[in-house]
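> Input model_11.txt, format and content: compact mmCIF, C-alpha atoms.
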# COMPACT_ATOMS: atom_id res chain seq x y z
CA MET A 1 234.98 -25.72 146.77
CA GLU A 2 235.20 -22.85 144.30
CA LYS A 3 232.30 -24.26 142.29
CA ASN A 4 230.07 -24.51 145.38
CA GLU A 5 230.83 -20.93 146.39
CA LYS A 6 229.96 -19.72 142.91
CA ASN A 7 226.64 -21.57 142.93
CA ASN A 8 225.72 -20.21 146.35
CA SER A 9 226.51 -16.68 145.22
CA GLN A 10 224.30 -17.03 142.18
CA ASN A 11 221.41 -18.36 144.26
CA ASP A 12 221.57 -15.41 146.68
CA SER A 13 221.92 -12.71 144.03
CA ASN A 14 219.47 -10.83 141.85
CA PRO A 15 218.63 -13.00 138.81
CA GLN A 16 219.18 -9.94 136.63
CA GLU A 17 222.75 -9.50 137.85
CA GLN A 18 225.58 -10.25 135.45
CA GLU A 19 229.36 -10.20 135.86
CA PHE A 20 231.68 -8.48 133.40
CA LYS A 21 235.48 -8.41 133.18
CA GLY A 22 237.93 -6.05 131.51
CA ARG A 23 241.26 -4.25 131.78
CA ASN A 24 239.84 -1.07 133.29
CA LEU A 25 236.57 0.18 134.77
CA GLU A 26 235.56 2.20 131.71
CA ASP A 27 235.95 -0.81 129.39
CA VAL A 28 233.97 -3.06 131.74
CA ILE A 29 231.07 -0.60 132.05
CA SER A 30 231.02 -0.17 128.26
CA LEU A 31 230.86 -3.96 127.90
CA ALA A 32 227.98 -4.10 130.38
CA GLU A 33 226.12 -1.41 128.40
CA HIS A 34 226.57 -3.40 125.19
CA GLU A 35 225.62 -6.79 126.63
CA MET A 36 222.66 -5.52 128.68
CA LYS A 37 221.53 -3.10 125.94
CA LEU A 38 221.22 -0.30 128.48
CA THR A 39 222.91 3.06 129.00
CA ARG A 40 225.15 3.43 132.04
CA GLU A 41 222.51 5.69 133.62
CA GLN A 42 220.22 2.66 133.62
CA ILE A 43 222.76 0.33 135.24
CA ASN A 44 223.72 -0.25 138.87
CA TYR A 45 227.10 -1.89 139.47
CA GLU A 46 229.62 -2.78 142.13
CA ILE A 47 233.27 -3.73 141.83
CA VAL A 48 233.71 -7.39 142.71
CA ALA A 49 237.48 -7.63 142.24
CA GLU A 50 240.36 -5.60 140.94
CA LYS A 51 243.57 -7.54 140.59
CA THR A 52 246.52 -8.33 138.38
CA LYS A 53 246.81 -11.75 136.79
CA LEU A 54 250.08 -13.22 135.62
CA PHE A 55 250.11 -15.34 132.46
CA GLY A 56 253.61 -14.80 131.20
CA ILE A 57 252.87 -11.06 131.21
CA ARG A 58 251.20 -8.82 133.74
CA ARG A 59 247.53 -8.22 132.94
CA LYS A 60 245.20 -6.16 135.05
CA GLU A 61 241.60 -7.34 135.36
CA ILE A 62 238.56 -5.64 136.87
CA VAL A 63 235.38 -7.58 137.59
CA ILE A 64 232.04 -5.85 138.23
CA ARG A 65 228.57 -7.15 139.00
CA ALA A 66 225.89 -5.15 137.14
CA TRP A 67 222.10 -5.10 137.15
CA PRO A 68 219.44 -2.83 135.60
CA LYS A 69 217.91 -0.05 137.64
CA ARG A 70 214.20 -0.20 138.14
CA ALA A 71 212.42 1.75 135.41
CA GLN A 72 210.70 4.55 137.30
CA GLY A 73 210.03 8.23 136.84
CA GLU A 74 212.50 11.06 137.12
CA ASN A 75 211.34 11.85 140.68
CA ALA A 76 211.42 8.25 141.94
CA ALA A 77 214.22 8.94 144.44
CA THR A 78 212.65 11.99 146.06
CA GLU A 79 209.19 10.40 146.12
CA PHE A 80 210.60 7.35 147.87
CA LEU A 81 212.59 9.54 150.28
CA ASP A 82 209.57 11.69 151.16
CA GLN A 83 207.50 8.61 151.96
CA THR A 84 210.30 7.11 154.06
CA LEU A 85 211.00 10.28 156.07
CA GLU A 86 207.30 10.61 156.91
CA MET A 87 207.45 7.24 158.67
CA LEU A 88 210.62 8.02 160.65
CA PRO A 89 210.66 9.93 163.97
CA LEU A 90 213.41 12.21 162.70
CA ASN A 91 213.41 15.94 162.09
CA ILE A 92 215.35 15.78 158.83
CA THR A 93 214.98 17.75 155.61
CA TYR A 94 216.97 17.70 152.39
CA HIS A 95 217.67 19.55 149.17
CA THR A 96 218.78 18.18 145.83
CA LYS A 97 221.28 19.09 143.15
CA LYS A 98 221.50 17.65 139.67
CA LYS A 99 224.75 17.47 137.76
CA ARG A 100 224.86 15.61 134.47
CA ASP A 101 223.59 12.12 135.24
CA MET A 102 223.98 12.34 139.03
CA LEU A 103 221.39 13.30 141.64
CA TYR A 104 222.89 14.71 144.84
CA ILE A 105 220.77 14.64 148.00
CA ILE A 106 222.07 16.77 150.88
CA PHE A 107 220.43 16.18 154.26
CA GLU A 108 219.77 18.97 156.75
CA GLY A 109 217.69 19.53 159.87
CA PRO A 110 218.12 19.26 163.67
CA ASP A 111 218.44 15.46 163.67
CA ARG A 112 220.88 15.22 160.78
CA HIS A 113 223.69 14.18 163.14
CA LEU A 114 221.91 10.83 163.59
CA LEU A 115 222.67 10.04 159.95
CA LEU A 116 226.39 10.23 160.72
CA ARG A 117 226.48 7.84 163.66
CA LYS A 118 228.46 4.62 163.31
CA ASP A 119 230.53 6.07 160.50
CA GLY A 120 227.58 7.36 158.49
CA ALA A 121 225.74 4.01 158.45
CA LEU A 122 222.25 5.52 158.06
CA LEU A 123 223.39 8.07 155.48
CA LEU A 124 224.93 5.35 153.32
CA ALA A 125 221.91 3.09 153.83
CA PHE A 126 219.73 5.85 152.39
CA GLN A 127 222.07 6.11 149.41
CA HIS A 128 221.96 2.34 148.82
CA LEU A 129 218.14 2.27 148.88
CA LEU A 130 217.74 5.36 146.71
CA ASN A 131 220.01 3.89 144.04
CA LYS A 132 217.73 0.85 143.94
CA VAL A 133 214.69 2.94 142.95
CA SER A 134 216.18 5.83 141.00
CA PRO A 135 216.87 5.86 137.24
CA LYS A 136 219.71 8.31 138.02
CA LYS A 137 222.71 7.51 140.18
CA VAL A 138 222.19 9.00 143.65
CA GLN A 139 224.82 10.31 146.04
CA THR A 140 223.89 11.39 149.58
CA ASP A 141 225.79 13.74 151.86
CA CYS A 142 225.47 15.59 155.15
CA ASP A 143 227.81 18.13 156.78
CA PHE A 144 230.52 17.33 154.20
CA PHE A 145 230.69 13.75 155.50
CA ARG A 146 231.55 12.35 152.08
CA GLN A 147 234.53 14.64 151.51
CA LYS A 148 235.96 13.87 154.97
CA LYS A 149 235.30 10.14 154.65
CA GLU A 150 236.88 9.85 151.22
CA GLN A 151 240.06 11.59 152.39
CA GLU A 152 240.23 9.39 155.48
CA LEU A 153 239.82 6.21 153.41
CA LYS A 154 242.38 7.33 150.82
CA ASP A 155 244.95 8.12 153.51
CA HIS A 156 244.41 4.78 155.23
CA ALA A 157 244.51 2.81 151.97
CA GLN A 158 247.75 4.45 150.85
CA TYR A 159 249.30 3.91 154.28
CA VAL A 160 248.46 0.19 154.24
CA ALA A 161 249.52 -0.16 150.58
CA GLN A 162 252.92 1.37 151.32
CA ARG A 163 253.35 -0.98 154.27
CA VAL A 164 252.50 -3.97 152.06
CA GLN A 165 254.99 -2.67 149.50
CA GLU A 166 257.73 -2.53 152.14
CA THR A 167 257.02 -5.88 153.85
CA GLY A 168 255.78 -7.89 150.85
CA GLU A 169 253.02 -9.29 153.08
CA LYS A 170 249.30 -9.02 152.27
CA GLU A 171 246.92 -7.21 154.62
CA ILE A 172 243.16 -7.57 155.03
CA LEU A 173 240.98 -4.58 155.93
CA ASP A 174 237.70 -4.49 157.81
CA PHE A 175 234.27 -4.95 156.23
CA MET A 176 233.26 -2.13 153.88
CA ASN A 177 230.29 -1.18 151.73
CA PRO A 178 230.59 -0.76 147.93
CA TYR A 179 231.17 3.00 148.18
CA GLU A 180 234.08 2.54 150.60
CA ARG A 181 235.58 -0.36 148.62
CA ARG A 182 235.56 1.70 145.43
CA ILE A 183 237.64 4.42 147.12
CA ILE A 184 240.08 1.82 148.47
CA HIS A 185 240.47 0.17 145.05
CA VAL A 186 241.34 3.48 143.39
CA ALA A 187 243.73 4.65 146.13
CA VAL A 188 245.61 1.33 146.41
CA ASN A 189 246.15 1.00 142.68
CA GLN A 190 247.99 4.31 142.65
CA ILE A 191 250.83 2.56 144.51
CA GLN A 192 253.14 0.78 142.10
CA GLY A 193 253.34 -2.99 142.57
CA ILE A 194 250.26 -3.17 144.81
CA THR A 195 246.71 -4.24 143.99
CA SER A 196 243.48 -4.99 145.86
CA GLU A 197 240.49 -7.26 145.69
CA SER A 198 237.22 -7.79 147.57
CA ILE A 199 236.66 -10.87 149.71
CA GLY A 200 233.28 -12.48 150.35
CA ASP A 201 229.71 -12.02 149.18
CA GLY A 202 226.93 -9.65 150.12
CA PHE A 203 226.72 -5.90 150.66
CA LEU A 204 229.63 -5.73 153.11
CA LYS A 205 232.95 -7.25 152.08
CA ARG A 206 236.53 -7.17 153.31
CA MET A 207 239.39 -5.80 151.25
CA LYS A 208 242.67 -7.62 150.64
CA ILE A 209 245.75 -5.52 149.83
CA ILE A 210 248.41 -7.63 148.13
CA PRO A 211 251.78 -7.14 146.41
CA VAL A 212 252.08 -7.88 142.69
CA LYS A 213 255.11 -10.09 142.17
CA ASP A 214 257.00 -10.09 138.90
Mind turning the file's structure into C-alpha cells?

Amino acid sequence: MEKNEKNNSQNDSNPQEQEFKGRNLEDVISLAEHEMKLTREQINYEIVAEKTKLFGIRRKEIVIRAWPKRAQGENAATEFLDQTLEMLPLNITYHTKKKRDMLYIIFEGPDRHLLLRKDGALLLAFQHLLNKVSPKKVQTDCDFFRQKKEQELKDHAQYVAQRVQETGEKEILDFMNPYERRIIHVAVNQIQGITSESIGDGFLKRMKIIPVKD
C-alpha cells in the first residue's frame, strides 16, 4: 500500500521536485541547495512532514519537497500580476516592498475585501501563483490579514497541542495550504512532547497533532 501511494505521488508531482530530510529546516534547505546546485532564493519548497522518530533514541526529522523556481527576470511577479489584474473585473491595486530576498505585495483598492473572503482564499492563491513565476520569494498581504491569520493559527495550534498533551490522544486538523501548515508546524513543536505531520498529497493537506512517547 505504501509503495503504491508513493508511486502515485511521484506521477502527480513536478518531475523536478525532490524530497530532502534532515534534523531541522535550516539543515534540510542547505542540503537541497547543495544537491540541486541552486541558492535558496532559486528554490521553492513545502514541508511534507515534521515528526520525531524513535530508534532507541529520540530523533527529530523534517521532510521537505523542493523544486527550482522558473528562471525569469527580476520583475516577473509584478509583470504577471499586472497581466492577471487586467483580466479580472476587480478594482484592485497594489504596492511592493523588497526586504533582503523577499518581495512583499500589499493589495489595496475598493475591491480588496474580495481577496479576504473564505479565509483569504484569493489572496493566498495569488501568493501561490506568484511564487511559481518569481525568482524571489513572494508574500502577499491585505489589511494586515497575514498578521491576524498567523496569530489565530498559532493560538489554535497551541490550544490543540496542549489538549493532546493532556489526553495523550492524537487530533487531526482541517485541510490547510502550505503557508498555514508551516505556521502550525512551528507552533506545535514549541510544546514539549508534541509533534505534527502533514497528511495526504496535493496543495491542501490535513495536519495531525500527535504526542511523542518515550
> Give me the residues within 12 Å of A:Glu35 as number ranges by chain, counting all atoms listed in the file and dropping any in the same chain fewer than 3 places off.
A: 17-21, 28-32, 38-40, 43, 66-68
> Expressed in Å to a single decimal, how great is the separation between atom CA of A:Ala161 and atom CA of A:Phe144?
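Separation of atom CA of A:Ala161 and atom CA of A:Phe144: 26.1 Å.
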> Write out as a PyMOL selection string each polymer residue whose atoms come within 10 Å of A:Asn91, counting all atoms listed in the file; drop sequence neighbours fewer than 4 positions from it.
chain A and resi 85-86+108-112
> Tell me which of A:Pro211, A:Pro135, A:Gly120, A:Gly193 sits closest to A:Asn177, counting only C-alpha atoms.
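Nearest candidate to A:Asn177 out of A:Pro211, A:Pro135, A:Gly120, A:Gly193: A:Gly120.
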> Show which residues sit within 7 Å of stretch 94-102 of chain A, as a VMD selection string. Count only C-alpha atoms, and ignore same-chain residues fewer than 5 positions away.
chain A and resid 41 107 to 108 136 to 138
> Determine the nearest neighbour of A:His156 from the options A:Asp27, A:Asp82, A:Asp143, A:Asp174, counting all atoms listed in the file.
A:Asp174
> Extract, using only C-alpha atoms, all DNA, RNA and protein residues at most 9 Å from A:Gln127, discarding same-chain residues fewer than 5 positions from it, and format them as a PyMOL selection string.
chain A and resi 105+122+132+138-141
> Would you compute the distance between atom CA of A:Leu103 and atom CA of A:Lys148? Give it in Å to one decimal.
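A separation of 19.8 Å between them.
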> For A:Glu180, list every protein, DNA or RNA residue within 12 Å, evaluated using all atoms listed in the file, and leave out those in the same chain fewer than 3 positions away; present the list as a PDB file with C-alpha atoms, keeping the file's coordinate frame.

ATOM      1  CA  GLU A  46     229.620  -2.780 142.130  1.00  0.00           C
ATOM      2  CA  ILE A  47     233.270  -3.730 141.830  1.00  0.00           C
ATOM      3  CA  ASP A 119     230.530   6.070 160.500  1.00  0.00           C
ATOM      4  CA  GLY A 120     227.580   7.360 158.490  1.00  0.00           C
ATOM      5  CA  ALA A 121     225.740   4.010 158.450  1.00  0.00           C
ATOM      6  CA  LEU A 124     224.930   5.350 153.320  1.00  0.00           C
ATOM      7  CA  ARG A 146     231.550  12.350 152.080  1.00  0.00           C
ATOM      8  CA  LYS A 149     235.300  10.140 154.650  1.00  0.00           C
ATOM      9  CA  GLU A 150     236.880   9.850 151.220  1.00  0.00           C
ATOM     10  CA  GLN A 151     240.060  11.590 152.390  1.00  0.00           C
ATOM     11  CA  GLU A 152     240.230   9.390 155.480  1.00  0.00           C
ATOM     12  CA  LEU A 153     239.820   6.210 153.410  1.00  0.00           C
ATOM     13  CA  LYS A 154     242.380   7.330 150.820  1.00  0.00           C
ATOM     14  CA  HIS A 156     244.410   4.780 155.230  1.00  0.00           C
ATOM     15  CA  ALA A 157     244.510   2.810 151.970  1.00  0.00           C
ATOM     16  CA  LEU A 173     240.980  -4.580 155.930  1.00  0.00           C
ATOM     17  CA  ASP A 174     237.700  -4.490 157.810  1.00  0.00           C
ATOM     18  CA  PHE A 175     234.270  -4.950 156.230  1.00  0.00           C
ATOM     19  CA  MET A 176     233.260  -2.130 153.880  1.00  0.00           C
ATOM     20  CA  ASN A 177     230.290  -1.180 151.730  1.00  0.00           C
ATOM     21  CA  ILE A 183     237.640   4.420 147.120  1.00  0.00           C
ATOM     22  CA  ILE A 184     240.080   1.820 148.470  1.00  0.00           C
ATOM     23  CA  HIS A 185     240.470   0.170 145.050  1.00  0.00           C
ATOM     24  CA  VAL A 186     241.340   3.480 143.390  1.00  0.00           C
ATOM     25  CA  ALA A 187     243.730   4.650 146.130  1.00  0.00           C
ATOM     26  CA  SER A 198     237.220  -7.790 147.570  1.00  0.00           C
ATOM     27  CA  PHE A 203     226.720  -5.900 150.660  1.00  0.00           C
ATOM     28  CA  LEU A 204     229.630  -5.730 153.110  1.00  0.00           C
ATOM     29  CA  LYS A 205     232.950  -7.250 152.080  1.00  0.00           C
ATOM     30  CA  ARG A 206     236.530  -7.170 153.310  1.00  0.00           C
ATOM     31  CA  MET A 207     239.390  -5.800 151.250  1.00  0.00           C
TER      32      MET A 207
END
> For A:Tyr159, which of A:Ile194, A:Met87, A:Cys142, A:Leu81 is the closest residue, counting all atoms listed in the file?
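When distances to A:Tyr159 are compared using all atoms listed in the file, the smallest one comes from A:Ile194.
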> Which of these residues is nearest to A:Thr93, using only C-alpha atoms: A:Ala76, A:Leu115, A:Ile209, A:Val164?
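Nearest candidate to A:Thr93 out of A:Ala76, A:Leu115, A:Ile209, A:Val164: A:Leu115.
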> Given only C-alpha atoms as the basis, pick out the residue of A:Val160, A:Leu123, A:Leu88, A:Val48 nearest to A:Asp201.
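Selected residue with least distance to A:Asp201: A:Val48.
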> To one decimal in Å, tell me the separation between atom CA of A:Glu169 and atom CA of A:Ser196.
12.7 Å
> Counting all atoms listed in the file, figure out which residue out of A:Met36, A:Ala49, A:Leu25, A:Ile210 gets nearest to A:Arg181.
A:Ala49
> To test the calculation: enclose all listed atoms of stretch 145-153 of chain A in a box whose edges run along x, y and z, add 8 Å on each side, then state centre and edge lengths in Å to one decimal, as AutoDock Vina command-line options.

--center_x 235.5 --center_y 10.4 --center_z 153.4 --size_x 25.5 --size_y 24.4 --size_z 20.3
